[in-house]
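I have placed the structure first, in the form of structure tokens, so that the comments after it can refer back to it.
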Amino acid sequence: MFDKILIANRGEIALRVMRACRELGIQTVAVHSTADEEAMHVRLADESVCVGPPPARDSYLNIPAIVSACEITGAEAVHPGYGFLSENARFAEILTEHGIKFIGPSAEHIRVMGDKIEAKRTAKALGIPVVPGSEGGVADVSQARMLARDIGYPVLIKATAGGGGRGMKVAHSEADLETALATAQSEAKAAFGNDEVYIEKYLSTPRHIEIQVLGDGQGRAVHLGERDCSLQRRHQKVWEEAHSPALNSAQREEIGGRVAQAMRELGYEGVGTVEFLYENGQFYFIEMNTRLQVEHPVTEMLTGLDLVQEQISVASGAALKYAQSDISFSGHAIECRINAENPHSFAPSPGRVDAVHVPGGLGVRIDSAIYAGYRIPPYYDSLIGKLIVFGKTRTECLMRLRRALSEYVIEGVETTIPLFQRLVGESDIIDGHYDIHWLEHFLHRPSP
Ligand code: ADP
């Protein structure tokens with residue numbers, strides 16, 4: 001086991017990783033930008049190193065500075081959290097070259113899954129069902145036209161290097177295709193510096209259901225069930241839950257079993273999430289995230305496993321401690337992503353947090369790094385906390401969530417708490433009847 005781990009991240013996820021380390025008796029090193037000197041992850045770490053000025057590219061993405069921080073402090077491994085360098089294959093390689101363990105999969109697996117076309121090809125070869133679409137990148141509009149006719153409208157044009165829902169455009173008919181292609185290419189170029197796009201069937205009313213996996217890189221892997229992340233705004237998840245209101249246990253075992261088998265064949269190491277769209281009883285692979293996800297606590301609530309400790313354990317070379325039959329699920333969990341944003345316009349609301357009162361009680365978990373007097377800097381993601389609630393049943397979970405949201409107070413900045421207070425009262429949410437478009441429709445409805 002490691003003696004000291006550097007956490008190449010900030011905010012709630014840096015704290016999350018630190019908590020896992022502390023329980024394992026591992027020393028922690030925080031890195032931070034000059035904007036984060038007062039941040040909670042810096043205060044709670046055993047040691048901290050400033051790695052640069054506020055813009056992420058100069059600090060949290062500054063690979064030489066982070067490698068130096070490992071060398072100065074003697075950290076043997078790096079936990080990348082999510083975002084920032086967590087899916088950067090070159091970073092994983094550079095650490096390896098310096099004799100530092102990257103807590104996550106091999107650079108090769110990160111690279112394959114980071115290229116969406118390669119990822120789809122790999123998934124298909126491993127027996128995972130994929131969305132019908134082009135086998136590779138699309139060169140020009142005449143090729144796009146031919147492909148789209150084959151696939152059938154509507155089609156979705158997506159960036160090969162995509163992420164965060166950018167570079168994605170729908171064409172409902174041939175008349176839309178040329179503009180959709182050009183827009184997707186220019187968005188992709190601007191966001192990722194790579195204008196390659198591909199085409200797939202646009203599913204009209206799917207749910208987003210993802211499977212959590214854990215592997216040891218030595219051919220052992222299990223699945224930890226699914227999460228339903230259909231409630232999205234601009235392709236960004238807002239609310240996540242497990243189990244999915246749409247699946248029964250036979251369906252879960254079927255898709256989970258397939259994914260776990262694929263991970264065994266790959267020799268996948270660490271945690272990962274295989275994302276699907278689910279429509280009319282069918283699963284369609286869209287992508288794999290080769291890292292810990294924001295919504296991982298939902299799975300922890302149902303399985304009782306600490307996913308970060310499991311990541312650290314397999315990264316240290318230990319074999320996976322579980323066979324699939326050792327994994328059991330109990331109850332229901334929901335996570336709400338609390339952002340420092342206006343709950344109507346979603347405009348960011350950085351600034352000073354004047355007061356915080358967090359909910360508590362049975363089945364309530366808060367993962368957050370804010371405190372009264374803390375100044376939320378304007379440079380980073382607006383996620384300031386996650387409220388995760390557990391209940392024996394979905395109904396109990398919803399009742400508890402309603403109660404917890406009524407206790408949650410954050411003063412000084414605007415937050416999305418009022419949005420969740422509205423959502424828990426909606427009959428479609430209570431019934432579990434929602435797809436990936438539900439939230440956008442809800443938000444565009446005139447307010448009562
Ligand atoms: P990103 O990496 O940019 O997040 P994903 O491929 O994960 O892109 O897709 C993000 C979201 O976009 C999905 O959760 C879903 O809401 C929507 N989406 C992606 N592919 C399709 C598709 N073929 N049909 C309909 N919606 C899609």
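Ligands are numbered from 1 in the order shown, residues from 1 within each chain, and chains are lettered A, B, ... in the order they appear in the structure tokens.
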Margin query: Using DSSP assignments from the backbone, pull out every residue in range 110-303 of chain A that falls under helix (DSSP H, G or I) and give it to me as JSON, numbers by chain.
Written below: {"A": [110, 111, 112, 113, 114, 116, 117, 118, 119, 120, 121, 122, 123, 124, 125, 141, 142, 143, 144, 145, 146, 147, 148, 149, 150, 151, 174, 175, 176, 177, 178, 179, 180, 181, 182, 183, 184, 185, 186, 187, 188, 189, 190, 191, 192, 249, 250, 251, 252, 253, 254, 255, 256, 257, 258, 259, 260, 261, 262, 263, 264, 265, 266, 296, 297, 298, 299, 300, 301, 302, 303]}
Notebook entry, point to check: Any idea what's packed within 9 Å of range 21-34 of chain A, counting only C-alpha atoms, ignoring anything in its chain fewer than 6 positions away? Could you give it as a ChimeraX atom specification?
Noted result: /A:1-10,14,41-56,58-60,66,69-70,73,75,308-309,312
Item checked: Nearby residues (only C-alpha atoms) at most 8 Å from Ala221 in chain A, same-chain spacing under 6 positions excluded, as an MDAnalysis selection string -> chainID A and resid 213:215 260:261 263:264 268 320 323
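Considering only C-alpha atoms and all ligand atoms, every residue of the polymer chains approaching ligand 1 to 7 Å or closer is listed here: A:Val131, A:Leu156, A:Gly162, A:Gly163, A:Gly164, A:Gly165, A:Arg166, A:Glu200, A:Lys201, A:Tyr202, A:Leu203, A:Ser204, A:Pro206, A:His208, A:Ser230, A:Gln232, A:His235, A:Glu275, A:Leu277, A:Ile286, A:Glu287, A:Ile436.
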Writer output for current selection, N, CA and C atoms, as a PDB file, in the first residue's frame:
```pdb
ATOM      1  N   VAL A 131     -24.896   2.274 -30.481  1.00  0.00           N
ATOM      2  CA  VAL A 131     -25.886   3.018 -31.280  1.00  0.00           C
ATOM      3  C   VAL A 131     -25.527   2.822 -32.751  1.00  0.00           C
ATOM      4  N   LEU A 156     -27.689  12.122 -35.330  1.00  0.00           N
ATOM      5  CA  LEU A 156     -26.948  13.024 -34.452  1.00  0.00           C
ATOM      6  C   LEU A 156     -25.506  13.077 -34.943  1.00  0.00           C
ATOM      7  N   GLY A 162     -15.337  14.456 -28.422  1.00  0.00           N
ATOM      8  CA  GLY A 162     -16.385  15.108 -27.615  1.00  0.00           C
ATOM      9  C   GLY A 162     -16.313  14.933 -26.111  1.00  0.00           C
ATOM     10  N   GLY A 163     -17.048  15.773 -25.438  1.00  0.00           N
ATOM     11  CA  GLY A 163     -17.132  15.754 -23.986  1.00  0.00           C
ATOM     12  C   GLY A 163     -17.995  16.913 -23.563  1.00  0.00           C
ATOM     13  N   GLY A 164     -18.702  16.733 -22.454  1.00  0.00           N
ATOM     14  CA  GLY A 164     -19.522  17.826 -21.935  1.00  0.00           C
ATOM     15  C   GLY A 164     -20.645  18.240 -22.869  1.00  0.00           C
ATOM     16  N   GLY A 165     -21.039  17.321 -23.766  1.00  0.00           N
ATOM     17  CA  GLY A 165     -22.171  17.600 -24.649  1.00  0.00           C
ATOM     18  C   GLY A 165     -21.874  18.616 -25.754  1.00  0.00           C
ATOM     19  N   ARG A 166     -20.593  18.991 -25.923  1.00  0.00           N
ATOM     20  CA  ARG A 166     -20.285  19.977 -26.968  1.00  0.00           C
ATOM     21  C   ARG A 166     -20.016  19.306 -28.315  1.00  0.00           C
ATOM     22  N   GLU A 200     -24.493   9.211 -35.713  1.00  0.00           N
ATOM     23  CA  GLU A 200     -25.232   8.053 -35.219  1.00  0.00           C
ATOM     24  C   GLU A 200     -26.718   8.324 -35.218  1.00  0.00           C
ATOM     25  N   LYS A 201     -27.477   7.250 -35.056  1.00  0.00           N
ATOM     26  CA  LYS A 201     -28.919   7.341 -34.973  1.00  0.00           C
ATOM     27  C   LYS A 201     -29.266   8.219 -33.774  1.00  0.00           C
ATOM     28  N   TYR A 202     -30.177   9.171 -33.968  1.00  0.00           N
ATOM     29  CA  TYR A 202     -30.625   9.994 -32.848  1.00  0.00           C
ATOM     30  C   TYR A 202     -31.805   9.286 -32.213  1.00  0.00           C
ATOM     31  N   LEU A 203     -31.651   8.914 -30.965  1.00  0.00           N
ATOM     32  CA  LEU A 203     -32.743   8.233 -30.257  1.00  0.00           C
ATOM     33  C   LEU A 203     -33.654   9.321 -29.688  1.00  0.00           C
ATOM     34  N   SER A 204     -34.961   9.190 -29.882  1.00  0.00           N
ATOM     35  CA  SER A 204     -35.809  10.346 -29.568  1.00  0.00           C
ATOM     36  C   SER A 204     -36.207  10.447 -28.097  1.00  0.00           C
ATOM     37  N   PRO A 206     -34.804   8.411 -25.194  1.00  0.00           N
ATOM     38  CA  PRO A 206     -34.094   7.416 -24.371  1.00  0.00           C
ATOM     39  C   PRO A 206     -33.894   7.870 -22.927  1.00  0.00           C
ATOM     40  N   HIS A 208     -30.779   7.793 -19.979  1.00  0.00           N
ATOM     41  CA  HIS A 208     -29.331   7.604 -19.876  1.00  0.00           C
ATOM     42  C   HIS A 208     -29.099   6.672 -18.682  1.00  0.00           C
ATOM     43  N   SER A 230     -30.772  10.320 -16.411  1.00  0.00           N
ATOM     44  CA  SER A 230     -31.549  10.898 -17.513  1.00  0.00           C
ATOM     45  C   SER A 230     -31.884  12.363 -17.284  1.00  0.00           C
ATOM     46  N   GLN A 232     -31.119  15.698 -17.255  1.00  0.00           N
ATOM     47  CA  GLN A 232     -29.972  16.456 -17.740  1.00  0.00           C
ATOM     48  C   GLN A 232     -30.410  17.806 -18.249  1.00  0.00           C
ATOM     49  N   HIS A 235     -27.231  18.374 -21.801  1.00  0.00           N
ATOM     50  CA  HIS A 235     -26.440  17.133 -21.774  1.00  0.00           C
ATOM     51  C   HIS A 235     -25.590  16.994 -20.522  1.00  0.00           C
ATOM     52  N   GLU A 275     -21.414   4.039 -20.414  1.00  0.00           N
ATOM     53  CA  GLU A 275     -22.661   4.790 -20.537  1.00  0.00           C
ATOM     54  C   GLU A 275     -23.487   4.295 -21.718  1.00  0.00           C
ATOM     55  N   LEU A 277     -27.500   4.672 -23.778  1.00  0.00           N
ATOM     56  CA  LEU A 277     -28.862   5.185 -23.895  1.00  0.00           C
ATOM     57  C   LEU A 277     -29.737   3.945 -23.883  1.00  0.00           C
ATOM     58  N   ILE A 286     -22.873   4.571 -25.572  1.00  0.00           N
ATOM     59  CA  ILE A 286     -22.452   5.858 -26.138  1.00  0.00           C
ATOM     60  C   ILE A 286     -20.999   6.186 -25.810  1.00  0.00           C
ATOM     61  N   GLU A 287     -20.557   5.897 -24.591  1.00  0.00           N
ATOM     62  CA  GLU A 287     -19.144   6.156 -24.294  1.00  0.00           C
ATOM     63  C   GLU A 287     -18.748   5.501 -22.979  1.00  0.00           C
ATOM     64  N   ILE A 436     -34.297  11.615 -21.254  1.00  0.00           N
ATOM     65  CA  ILE A 436     -33.221  12.629 -21.245  1.00  0.00           C
ATOM     66  C   ILE A 436     -33.702  14.031 -21.634  1.00  0.00           C
TER      67      ILE A 436
END
```
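Atom pair CA of Gly317 in chain A / CA of Leu224 in chain A: separated by 20.5 Å.
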Note to self: Neighbouring residues of range 120-125 of chain A were defined as those with any atom within 8 Å, considering only C-alpha atoms; residues of the same chain fewer than 5 positions away were excluded. Please report them as a PyMOL selection string.
What the structure shows: chain A and resi 112+130+135+262+285-287
Notebook entry, point to check: Which of range 110-218 of chain A counts as strand (DSSP E) under DSSP, as an MDAnalysis selection string please?
Noted result: chainID A and resid 155:159 168:171 197:201 207:216
Closest atom pairs, residues of range 237-305 of chain A within 7 Å of range 80-97 of chain A, only C-alpha atoms, as a tab-separated table:
```
residue	atom	partner	partner_atom	distance
A:Thr290	CA	A:Glu87	CA	6.6
A:Arg291	CA	A:Ser86	CA	6.4
A:Leu292	CA	A:Tyr82	CA	5.9
A:Gln293	CA	A:Tyr82	CA	6.2
```
Output N, CA and C atoms for every residue in that selection, as a short mmCIF file (atom, residue, chain, number, x, y, z; two decimals), in the first residue's frame.
```cif
data_model
loop_
_atom_site.label_atom_id
_atom_site.label_comp_id
_atom_site.auth_asym_id
_atom_site.auth_seq_id
_atom_site.Cartn_x
_atom_site.Cartn_y
_atom_site.Cartn_z
N THR A 290 -13.26 6.70 -18.11
CA THR A 290 -12.22 5.87 -17.49
C THR A 290 -11.74 6.48 -16.18
N ARG A 291 -12.68 6.86 -15.34
CA ARG A 291 -12.33 7.57 -14.10
C ARG A 291 -13.48 7.45 -13.11
N LEU A 292 -13.25 7.99 -11.92
CA LEU A 292 -14.32 8.11 -10.93
C LEU A 292 -15.31 9.15 -11.44
N GLN A 293 -16.61 8.94 -11.20
CA GLN A 293 -17.58 9.94 -11.66
C GLN A 293 -18.18 10.75 -10.52
#
```
